[in-house]
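Dumped coords30.cif below, it's mmCIF, C-alpha atoms:
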data_model
loop_
_atom_site.label_atom_id
_atom_site.label_comp_id
_atom_site.auth_asym_id
_atom_site.auth_seq_id
_atom_site.Cartn_x
_atom_site.Cartn_y
_atom_site.Cartn_z
CA MET A 749 103.35 73.79 107.69
CA GLU A 750 102.26 71.92 104.58
CA GLY A 751 104.23 70.72 101.57
CA VAL A 752 102.60 71.26 98.19
CA PRO A 753 104.03 70.28 94.78
CA ASP A 754 104.63 72.86 92.01
CA ASP A 755 101.05 72.52 90.73
CA PHE A 756 99.16 75.73 89.98
CA ALA A 757 95.67 74.48 90.83
CA LEU A 758 96.87 72.72 93.98
CA ILE A 759 98.73 75.78 95.28
CA GLU A 760 95.73 77.97 94.49
CA ASP A 761 93.44 75.50 96.29
CA ARG A 762 95.60 75.33 99.41
CA LEU A 763 95.98 79.11 99.58
CA ASN A 764 92.21 79.53 99.30
CA HIS A 765 91.82 76.94 102.06
CA TYR A 766 93.95 78.95 104.48
CA VAL A 767 92.24 82.20 103.51
CA ASP A 768 88.80 80.64 104.07
CA ALA A 769 90.02 79.22 107.39
CA GLY A 770 90.68 82.80 108.53
CA CYS A 771 94.48 82.62 108.82
CA ASP A 772 95.99 86.04 109.38
CA LEU A 773 99.26 85.28 107.61
CA VAL A 774 100.23 82.71 104.97
CA PHE A 775 103.88 82.42 104.00
CA THR A 776 104.86 80.25 101.04
CA THR A 777 108.43 79.13 100.41
CA GLY A 778 109.94 78.15 97.08
CA GLY A 779 108.55 78.03 93.57
CA THR A 780 109.48 81.67 92.92
CA GLY A 781 112.37 81.13 90.50
CA LEU A 782 112.78 81.07 86.75
CA THR A 783 112.21 77.39 85.86
CA PRO A 784 108.98 76.41 84.10
CA ASP A 785 107.62 74.74 87.25
CA ASP A 786 108.14 77.85 89.38
CA ILE A 787 104.55 79.12 89.37
CA THR A 788 103.92 79.99 93.02
CA PRO A 789 103.68 83.76 92.29
CA GLU A 790 101.15 83.18 89.52
CA ALA A 791 99.06 80.83 91.69
CA THR A 792 99.24 83.37 94.50
CA ARG A 793 98.10 86.22 92.26
CA ALA A 794 95.05 84.16 91.31
CA VAL A 795 94.05 84.12 94.98
CA LEU A 796 94.76 87.77 95.89
CA ASP A 797 92.12 90.47 96.04
CA ARG A 798 94.64 93.29 96.33
CA GLU A 799 98.42 93.28 95.87
CA ALA A 800 100.63 94.69 98.63
CA PRO A 801 103.88 94.93 96.68
CA GLY A 802 105.96 96.51 99.43
CA PHE A 803 106.67 93.21 101.18
CA ALA A 804 108.01 91.52 98.03
CA GLU A 805 109.94 94.61 96.92
CA ALA A 806 111.61 95.06 100.32
CA MET A 807 112.49 91.36 100.53
CA ARG A 808 114.16 91.47 97.11
CA ALA A 809 116.05 94.64 98.04
CA GLU A 810 117.25 92.98 101.25
CA ALA A 811 118.15 89.76 99.41
CA ALA A 812 120.20 91.77 96.92
CA ARG A 813 122.25 93.18 99.82
CA HIS A 814 123.33 89.58 100.56
CA THR A 815 123.86 88.36 96.99
CA PRO A 816 123.29 89.64 93.44
CA MET A 817 121.12 86.53 92.96
CA GLY A 818 118.56 88.07 95.30
CA ILE A 819 116.89 89.82 92.36
CA LEU A 820 115.88 86.47 90.84
CA SER A 821 113.02 85.73 93.22
CA ARG A 822 109.70 86.46 91.53
CA GLY A 823 107.70 86.41 94.79
CA ILE A 824 104.66 88.61 95.25
CA SER A 825 102.63 89.69 98.29
CA GLY A 826 99.09 90.80 98.91
CA ILE A 827 95.77 90.38 100.61
CA SER A 828 93.01 87.87 100.07
CA GLY A 829 90.01 88.44 102.28
CA ARG A 830 91.59 89.20 105.66
CA THR A 831 94.77 87.19 105.03
CA LEU A 832 98.21 88.49 104.04
CA ILE A 833 100.03 86.11 101.71
CA VAL A 834 103.77 86.51 101.10
CA ASN A 835 105.96 84.38 98.81
CA PHE A 836 109.42 83.60 100.23
CA PRO A 837 112.20 81.97 98.21
CA GLY A 838 113.00 78.37 99.02
CA SER A 839 116.37 78.62 100.71
CA PRO A 840 116.30 78.42 104.53
CA LYS A 841 119.24 80.85 104.61
CA ALA A 842 117.35 83.37 102.47
CA ILE A 843 114.20 82.96 104.58
CA ASP A 844 116.22 83.75 107.71
CA GLU A 845 117.68 86.85 106.08
CA LEU A 846 114.35 88.10 104.74
CA PHE A 847 111.98 87.40 107.60
CA GLY A 848 113.45 90.33 109.52
CA VAL A 849 112.13 92.72 106.87
CA LEU A 850 108.55 91.70 107.62
CA ALA A 851 108.76 90.88 111.32
CA PRO A 852 108.41 94.43 112.69
CA THR A 853 105.22 94.96 110.69
CA LEU A 854 103.35 91.74 111.42
CA GLY A 855 101.72 92.71 114.71
CA HIS A 856 100.29 95.79 113.06
CA VAL A 857 99.34 93.83 109.93
CA VAL A 858 97.36 91.28 111.93
CA ARG A 859 95.57 93.96 113.97
CA THR A 860 94.69 95.81 110.75
CA LEU A 861 93.41 92.71 108.95
CA ARG A 862 91.30 91.82 112.01
CA GLY A 863 89.61 95.20 111.79
CA ASP A 864 91.40 97.41 114.28
CA SER A 865 90.92 100.48 112.15
CA ARG A 866 93.08 102.99 114.00
CA HIS A 867 94.99 104.84 111.32
CA ASP A 868 98.74 104.73 111.57
CA GLY A 869 99.75 106.92 108.67
CA PHE A 870 100.76 104.18 106.31
CA ARG A 871 97.30 103.31 105.08
CA MET B 1341 121.17 94.10 67.61
CA GLU B 1342 118.09 95.31 65.80
CA GLY B 1343 116.42 98.72 65.69
CA VAL B 1344 112.64 98.75 65.97
CA PRO B 1345 110.36 101.83 65.92
CA ASP B 1346 108.01 102.66 68.84
CA ASP B 1347 105.25 100.45 67.41
CA PHE B 1348 103.47 98.11 69.83
CA ALA B 1349 102.69 95.33 67.33
CA LEU B 1350 106.15 95.49 65.80
CA ILE B 1351 107.95 95.32 69.16
CA GLU B 1352 105.70 92.45 70.22
CA ASP B 1353 106.40 90.65 66.94
CA ARG B 1354 110.18 91.03 67.19
CA LEU B 1355 110.22 89.91 70.83
CA ASN B 1356 108.19 86.83 69.93
CA HIS B 1357 110.63 86.18 67.10
CA TYR B 1358 113.61 86.08 69.45
CA VAL B 1359 111.72 83.96 71.98
CA ASP B 1360 110.73 81.49 69.27
CA ALA B 1361 114.32 81.45 68.02
CA GLY B 1362 115.39 80.19 71.44
CA CYS B 1363 117.42 83.20 72.58
CA ASP B 1364 118.36 82.96 76.26
CA LEU B 1365 118.38 86.69 76.86
CA VAL B 1366 116.69 89.60 75.09
CA PHE B 1367 117.53 93.13 76.19
CA THR B 1368 115.54 96.05 74.84
CA THR B 1369 116.72 99.65 75.12
CA GLY B 1370 114.55 102.76 75.09
CA GLY B 1371 110.83 103.29 74.86
CA THR B 1372 110.42 103.03 78.63
CA GLY B 1373 109.65 106.68 79.41
CA LEU B 1374 106.52 108.76 79.89
CA THR B 1375 105.74 110.02 76.36
CA PRO B 1376 102.77 108.54 74.49
CA ASP B 1377 105.05 106.60 72.14
CA ASP B 1378 106.94 104.93 75.00
CA ILE B 1379 105.17 101.57 74.93
CA THR B 1380 108.04 99.07 75.14
CA PRO B 1381 107.00 97.85 78.63
CA GLU B 1382 103.43 97.26 77.49
CA ALA B 1383 104.55 95.40 74.34
CA THR B 1384 106.93 93.36 76.48
CA ARG B 1385 104.21 92.45 78.97
CA ALA B 1386 102.11 91.13 76.08
CA VAL B 1387 104.90 88.65 75.31
CA LEU B 1388 105.76 87.52 78.86
CA ASP B 1389 104.47 84.33 80.43
CA ARG B 1390 105.68 85.24 83.91
CA GLU B 1391 107.02 88.52 85.27
CA ALA B 1392 110.39 88.55 87.05
CA PRO B 1393 110.16 92.01 88.62
CA GLY B 1394 113.44 91.87 90.52
CA PHE B 1395 115.54 92.85 87.51
CA ALA B 1396 113.50 95.97 86.74
CA GLU B 1397 113.20 96.95 90.41
CA ALA B 1398 116.93 96.59 91.05
CA MET B 1399 117.80 98.53 87.90
CA ARG B 1400 115.57 101.42 88.95
CA ALA B 1401 117.01 101.39 92.46
CA GLU B 1402 120.53 101.50 90.99
CA ALA B 1403 119.56 104.23 88.50
CA ALA B 1404 118.16 106.32 91.36
CA ARG B 1405 121.57 106.15 93.07
CA HIS B 1406 123.00 107.98 90.04
CA THR B 1407 120.17 110.49 89.45
CA PRO B 1408 116.68 111.20 90.82
CA MET B 1409 115.47 110.76 87.22
CA GLY B 1410 116.23 107.05 87.53
CA ILE B 1411 112.75 106.40 88.87
CA LEU B 1412 111.19 107.48 85.57
CA SER B 1413 112.01 104.33 83.63
CA ARG B 1414 108.94 102.14 83.33
CA GLY B 1415 110.88 99.05 82.22
CA ILE B 1416 109.72 95.56 83.16
CA SER B 1417 111.37 92.14 83.14
CA GLY B 1418 110.21 88.57 82.87
CA ILE B 1419 110.19 85.25 81.13
CA SER B 1420 108.62 84.15 77.90
CA GLY B 1421 109.14 80.48 77.15
CA ARG B 1422 112.79 79.93 78.05
CA THR B 1423 113.86 83.54 77.36
CA LEU B 1424 114.50 86.31 79.87
CA ILE B 1425 113.46 89.73 78.53
CA VAL B 1426 114.64 92.91 80.28
CA ASN B 1427 113.78 96.50 79.30
CA PHE B 1428 116.69 98.94 79.64
CA PRO B 1429 116.32 102.71 79.31
CA GLY B 1430 117.68 104.29 76.14
CA SER B 1431 120.73 106.16 77.40
CA PRO B 1432 124.08 104.44 76.77
CA LYS B 1433 125.34 105.92 80.06
CA ALA B 1434 122.37 104.46 81.96
CA ILE B 1435 122.81 101.08 80.26
CA ASP B 1436 126.44 101.01 81.37
CA GLU B 1437 125.44 101.83 84.95
CA LEU B 1438 122.62 99.29 85.07
CA PHE B 1439 124.10 96.29 83.29
CA GLY B 1440 126.26 95.57 86.32
CA VAL B 1441 123.14 94.84 88.37
CA LEU B 1442 122.21 91.96 86.09
CA ALA B 1443 125.62 90.73 85.01
CA PRO B 1444 126.42 88.54 88.04
CA THR B 1445 123.13 86.66 87.64
CA LEU B 1446 123.15 85.98 83.91
CA GLY B 1447 125.21 82.78 83.90
CA HIS B 1448 122.87 81.27 86.44
CA VAL B 1449 119.81 82.63 84.61
CA VAL B 1450 120.85 81.02 81.34
CA ARG B 1451 121.61 77.67 82.99
CA THR B 1452 118.23 77.77 84.73
CA LEU B 1453 116.29 78.67 81.60
CA ARG B 1454 118.05 75.88 79.71
CA GLY B 1455 116.81 73.39 82.29
CA ASP B 1456 119.68 72.90 84.70
CA SER B 1457 117.33 72.38 87.60
CA ARG B 1458 119.78 72.35 90.50
CA HIS B 1459 118.16 74.45 93.20
CA ASP B 1460 120.14 77.43 94.39
CA GLY B 1461 117.91 78.82 97.07
CA PHE B 1462 116.53 81.74 95.10
CA ARG B 1463 113.91 79.79 93.21
CA MET C 1048 92.55 119.70 96.95
CA GLU C 1049 89.45 117.56 97.20
CA GLY C 1050 88.33 115.04 99.81
CA VAL C 1051 86.82 111.82 98.49
CA PRO C 1052 85.50 108.89 100.57
CA ASP C 1053 86.91 105.34 100.22
CA ASP C 1054 84.52 104.52 97.36
CA PHE C 1055 86.00 102.81 94.29
CA ALA C 1056 83.64 104.31 91.69
CA LEU C 1057 83.89 107.77 93.22
CA ILE C 1058 87.70 107.76 93.32
CA GLU C 1059 87.80 106.48 89.75
CA ASP C 1060 85.36 109.18 88.66
CA ARG C 1061 87.32 112.00 90.33
CA LEU C 1062 90.63 110.78 88.90
CA ASN C 1063 89.12 110.64 85.42
CA HIS C 1064 87.79 114.16 85.96
CA TYR C 1065 91.27 115.54 86.66
CA VAL C 1066 92.78 113.59 83.74
CA ASP C 1067 90.11 114.92 81.39
CA ALA C 1068 90.66 118.43 82.75
CA GLY C 1069 94.28 118.20 81.59
CA CYS C 1070 96.01 118.24 84.97
CA ASP C 1071 99.70 117.41 84.70
CA LEU C 1072 99.98 115.81 88.13
CA VAL C 1073 97.43 114.20 90.43
CA PHE C 1074 98.53 113.12 93.89
CA THR C 1075 96.19 111.08 96.06
CA THR C 1076 96.71 110.62 99.80
CA GLY C 1077 95.44 107.78 101.95
CA GLY C 1078 93.48 104.66 101.15
CA THR C 1079 96.65 102.69 100.38
CA GLY C 1080 96.72 100.41 103.44
CA LEU C 1081 95.53 96.90 104.22
CA THR C 1082 91.98 97.43 105.50
CA PRO C 1083 89.05 96.39 103.29
CA ASP C 1084 88.16 100.01 102.52
CA ASP C 1085 91.70 100.84 101.31
CA ILE C 1086 91.06 100.64 97.58
CA THR C 1087 92.75 103.76 96.22
CA PRO C 1088 95.44 101.76 94.35
CA GLU C 1089 92.82 99.58 92.68
CA ALA C 1090 90.70 102.58 91.68
CA THR C 1091 93.84 104.28 90.38
CA ARG C 1092 94.84 101.26 88.31
CA ALA C 1093 91.40 101.34 86.66
CA VAL C 1094 92.22 104.84 85.39
CA LEU C 1095 95.82 104.33 84.27
CA ASP C 1096 96.85 103.71 80.68
CA ARG C 1097 100.42 102.78 81.59
CA GLU C 1098 102.01 102.08 84.96
CA ALA C 1099 105.14 103.99 85.98
CA PRO C 1100 106.16 101.84 88.95
CA GLY C 1101 109.38 103.69 89.77
CA PHE C 1102 107.62 106.45 91.73
CA ALA C 1103 105.77 104.03 94.01
CA GLU C 1104 108.80 101.76 94.41
CA ALA C 1105 111.13 104.63 95.32
CA MET C 1106 108.60 106.09 97.76
CA ARG C 1107 108.27 102.74 99.56
CA ALA C 1108 112.05 102.32 99.68
CA GLU C 1109 112.38 105.83 101.17
CA ALA C 1110 109.53 105.20 103.63
CA ALA C 1111 111.25 102.01 104.78
CA ARG C 1112 114.35 104.07 105.63
CA HIS C 1113 112.19 105.96 108.16
CA THR C 1114 110.18 103.03 109.56
CA PRO C 1115 109.74 99.31 108.86
CA MET C 1116 106.02 100.11 108.41
CA GLY C 1117 106.91 101.93 105.20
CA ILE C 1118 106.54 98.71 103.24
CA LEU C 1119 102.81 98.55 104.05
CA SER C 1120 101.72 101.24 101.60
CA ARG C 1121 100.19 99.66 98.52
CA GLY C 1122 100.34 102.83 96.44
CA ILE C 1123 100.88 102.72 92.68
CA SER C 1124 101.87 105.31 90.07
CA GLY C 1125 101.35 105.74 86.37
CA ILE C 1126 100.06 107.72 83.45
CA SER C 1127 96.55 108.31 82.23
CA GLY C 1128 96.38 110.39 79.07
CA ARG C 1129 98.92 113.15 79.76
CA THR C 1130 98.54 113.05 83.55
CA LEU C 1131 100.86 111.42 86.09
CA ILE C 1132 98.94 109.96 89.05
CA VAL C 1133 100.81 108.98 92.23
CA ASN C 1134 99.28 107.45 95.38
CA PHE C 1135 100.74 108.79 98.64
CA PRO C 1136 100.01 107.30 102.06
CA GLY C 1137 97.71 109.31 104.33
CA SER C 1138 100.09 110.53 107.01
CA PRO C 1139 101.22 114.18 106.64
CA LYS C 1140 104.60 113.16 108.10
CA ALA C 1141 105.01 110.41 105.50
CA ILE C 1142 103.96 112.73 102.70
CA ASP C 1143 106.63 115.22 103.78
CA GLU C 1144 109.27 112.48 103.82
CA LEU C 1145 108.26 111.02 100.46
CA PHE C 1146 107.59 114.11 98.37
CA GLY C 1147 111.32 114.74 98.12
CA VAL C 1148 111.74 111.52 96.15
CA LEU C 1149 109.51 112.84 93.38
CA ALA C 1150 110.23 116.55 93.55
CA PRO C 1151 113.44 116.60 91.46
CA THR C 1152 111.69 114.78 88.61
CA LEU C 1153 108.46 116.74 88.38
CA GLY C 1154 109.64 119.57 86.12
CA HIS C 1155 110.91 117.05 83.63
CA VAL C 1156 107.78 114.90 84.01
CA VAL C 1157 105.48 117.81 83.22
CA ARG C 1158 107.56 118.88 80.20
CA THR C 1159 107.51 115.30 78.92
CA LEU C 1160 103.77 114.82 79.42
CA ARG C 1161 103.13 118.13 77.62
CA GLY C 1162 105.02 116.85 74.61
CA ASP C 1163 108.52 118.24 74.93
CA SER C 1164 110.05 115.19 73.34
CA ARG C 1165 113.75 115.87 73.90
CA HIS C 1166 115.21 112.59 75.02
CA ASP C 1167 116.96 112.59 78.37
CA GLY C 1168 118.19 109.07 78.55
CA PHE C 1169 115.59 107.74 80.97
CA ARG C 1170 112.85 107.21 78.42
#
Exercise: express the given structure as structure tokens:
Amino acid sequence: MEGVPDDFALIEDRLNHYVDAGCDLVFTTGGTGLTPDDITPEATRAVLDREAPGFAEAMRAEAARHTPMGILSRGISGISGRTLIVNFPGSPKAIDELFGVLAPTLGHVVRTLRGDSRHDGFR
Amino acid sequence: MEGVPDDFALIEDRLNHYVDAGCDLVFTTGGTGLTPDDITPEATRAVLDREAPGFAEAMRAEAARHTPMGILSRGISGISGRTLIVNFPGSPKAIDELFGVLAPTLGHVVRTLRGDSRHDGFR
Amino acid sequence: MEGVPDDFALIEDRLNHYVDAGCDLVFTTGGTGLTPDDITPEATRAVLDREAPGFAEAMRAEAARHTPMGILSRGISGISGRTLIVNFPGSPKAIDELFGVLAPTLGHVVRTLRGDSRHDGFR
């Protein structure tokens, strides 16, 4: 866990650090809203090689089942090197609600990113 | 309310006008389909600083509950300066059905864009 | 039907071939996952003039109703010239489940791409 201010270059730098360090999964929290300093999605996009929009879409759909405000999160998700990066909103309550959307996939995601190339039909 | 033809530069110009004028919310209607002259999403993207995809995603999901054709709208949503821009499809019936998805968020959106920085958990 | 290896330039070339040949609809299968050789969405994006994200979004939402792994597909959808291109995942079972999302729209899509400009409210 590391706290980083709403600074584009700093977020980009820290994300690249964790990608270079070989982390399988990097989850960010916060900085996904509508205020001018909410630039986590943009800094994340700068680091991604390939977007994987299904995580962000499914999290917003789940959030919207809890509150109409769930559509406000601008989070994105994708792959840089062999690391999956996913932007969560900042609220601990929302993180709790949304983590369950990803949880069942993460074992498979990590095996895939590490190079276990058995096809599972959702490639 | 202003009518604008399906002209990329003209749509871009009028959107920039409303952003520069300090409008909180700009809703476009039409021009989001599959024909060659449907270029409202592309002209909108040219004006946006940051995408806010949750509005467009939730509107398509809601539209698809009414008709399978709901997935055809290519509308996008995002922020330019301190203005939220959302592309609606052209049908008055669809606009009625979809406005309810956004309505509960708009008070909060406007307060956020105007700089009321109280965190609400969906930043 | 044509088999193409996971080669960016080759996929791009074959997609452009079918667009230039005037195909109404091009469906790809596979190459939409998280492994380094899954680059079908990126090669597709290189060919598209305009994204039509509703197909890909609705397919992922439907896939997620069948399995949490449904969110892993990175497929995109959009228009190149007068051709709609949609990325399906590689599993025959998933293709069966997801084709139904698109099927009711395809007659209208083809008429629209061919220039039947009657408005239907979802432009």
Work out how far atom CA of B:Leu1388 is from atom CA of B:Gly1421, in Å to one decimal.
->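 Taking atom CA of B:Gly1421 as the start and atom CA of B:Leu1388 as the end point, the length is 8.0 Å.
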Identify all chain A residues at most 8 Å from chain B by counting all atoms listed in the file; ligands do not count. Present them as a PDB file with C-alpha atoms, in the frame of the given file.
ATOM      1  CA  GLY A 778     109.940  78.150  97.080  1.00  0.00           C
ATOM      2  CA  GLY A 779     108.550  78.030  93.570  1.00  0.00           C
ATOM      3  CA  THR A 780     109.480  81.670  92.920  1.00  0.00           C
ATOM      4  CA  GLY A 781     112.370  81.130  90.500  1.00  0.00           C
ATOM      5  CA  LEU A 782     112.780  81.070  86.750  1.00  0.00           C
ATOM      6  CA  THR A 783     112.210  77.390  85.860  1.00  0.00           C
ATOM      7  CA  PRO A 784     108.980  76.410  84.100  1.00  0.00           C
ATOM      8  CA  ASP A 786     108.140  77.850  89.380  1.00  0.00           C
ATOM      9  CA  GLU A 790     101.150  83.180  89.520  1.00  0.00           C
ATOM     10  CA  GLU A 805     109.940  94.610  96.920  1.00  0.00           C
ATOM     11  CA  ARG A 808     114.160  91.470  97.110  1.00  0.00           C
ATOM     12  CA  ALA A 809     116.050  94.640  98.040  1.00  0.00           C
ATOM     13  CA  PRO A 816     123.290  89.640  93.440  1.00  0.00           C
ATOM     14  CA  MET A 817     121.120  86.530  92.960  1.00  0.00           C
ATOM     15  CA  GLY A 818     118.560  88.070  95.300  1.00  0.00           C
ATOM     16  CA  ILE A 819     116.890  89.820  92.360  1.00  0.00           C
ATOM     17  CA  LEU A 820     115.880  86.470  90.840  1.00  0.00           C
ATOM     18  CA  SER A 821     113.020  85.730  93.220  1.00  0.00           C
ATOM     19  CA  ARG A 822     109.700  86.460  91.530  1.00  0.00           C
ATOM     20  CA  PRO A 837     112.200  81.970  98.210  1.00  0.00           C
ATOM     21  CA  GLY A 838     113.000  78.370  99.020  1.00  0.00           C
ATOM     22  CA  SER A 839     116.370  78.620 100.710  1.00  0.00           C
ATOM     23  CA  PRO A 840     116.300  78.420 104.530  1.00  0.00           C
ATOM     24  CA  LYS A 841     119.240  80.850 104.610  1.00  0.00           C
ATOM     25  CA  ALA A 842     117.350  83.370 102.470  1.00  0.00           C
TER      26      ALA A 842
END
Would you mind listing what lies within 6 Å of C:Pro1088 as JSON, numbers by chain, with all atoms listed in the file counted and same-chain residues fewer than 2 positions away left out?
-> {"C": [1086, 1090, 1091, 1122, 1123]}
Check which residues satisfy the PyMOL selection byres ((chain C and resi 1056) around 12) in the file shown, then give them as a PDB file with C-alpha atoms, keeping the file's coordinate frame.
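Below is the file that was written, selection.pdb:
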ATOM      1  CA  VAL C1051      86.820 111.820  98.490  1.00  0.00           C
ATOM      2  CA  PRO C1052      85.500 108.890 100.570  1.00  0.00           C
ATOM      3  CA  ASP C1053      86.910 105.340 100.220  1.00  0.00           C
ATOM      4  CA  ASP C1054      84.520 104.520  97.360  1.00  0.00           C
ATOM      5  CA  PHE C1055      86.000 102.810  94.290  1.00  0.00           C
ATOM      6  CA  LEU C1057      83.890 107.770  93.220  1.00  0.00           C
ATOM      7  CA  ILE C1058      87.700 107.760  93.320  1.00  0.00           C
ATOM      8  CA  GLU C1059      87.800 106.480  89.750  1.00  0.00           C
ATOM      9  CA  ASP C1060      85.360 109.180  88.660  1.00  0.00           C
ATOM     10  CA  ARG C1061      87.320 112.000  90.330  1.00  0.00           C
ATOM     11  CA  LEU C1062      90.630 110.780  88.900  1.00  0.00           C
ATOM     12  CA  ASN C1063      89.120 110.640  85.420  1.00  0.00           C
ATOM     13  CA  ILE C1086      91.060 100.640  97.580  1.00  0.00           C
ATOM     14  CA  THR C1087      92.750 103.760  96.220  1.00  0.00           C
ATOM     15  CA  GLU C1089      92.820  99.580  92.680  1.00  0.00           C
ATOM     16  CA  ALA C1090      90.700 102.580  91.680  1.00  0.00           C
ATOM     17  CA  THR C1091      93.840 104.280  90.380  1.00  0.00           C
ATOM     18  CA  ALA C1093      91.400 101.340  86.660  1.00  0.00           C
ATOM     19  CA  VAL C1094      92.220 104.840  85.390  1.00  0.00           C
TER      20      VAL C1094
END
Interatomic distance (Å, one decimal) between atom CA of B:Glu1402 and atom CA of C:Leu1072 |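 Going from atom CA of B:Glu1402 over to atom CA of C:Leu1072, I get 25.2 Å.
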Go through A:Glu845, A:Gly855, A:Asn835, A:Glu750 one by one, measure the shortest atom-to-atom distance of each to A:Thr777 using all atoms listed in the file, and give the residue with the smallest value.
->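 The closest residue to A:Thr777 is A:Asn835.
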Mind giving me the straight-line distance from atom CA of B:Phe1428 to atom CA of B:Thr1368 in Å, one decimal?
->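 That distance, rounded to one decimal, is 5.7 Å.
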Best match for closeness to B:Val1359 among B:Ile1425, B:Asp1436, B:Asp1377, B:Ala1403, counting all atoms listed in the file |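 Smallest distance to B:Val1359 is found for B:Ile1425.
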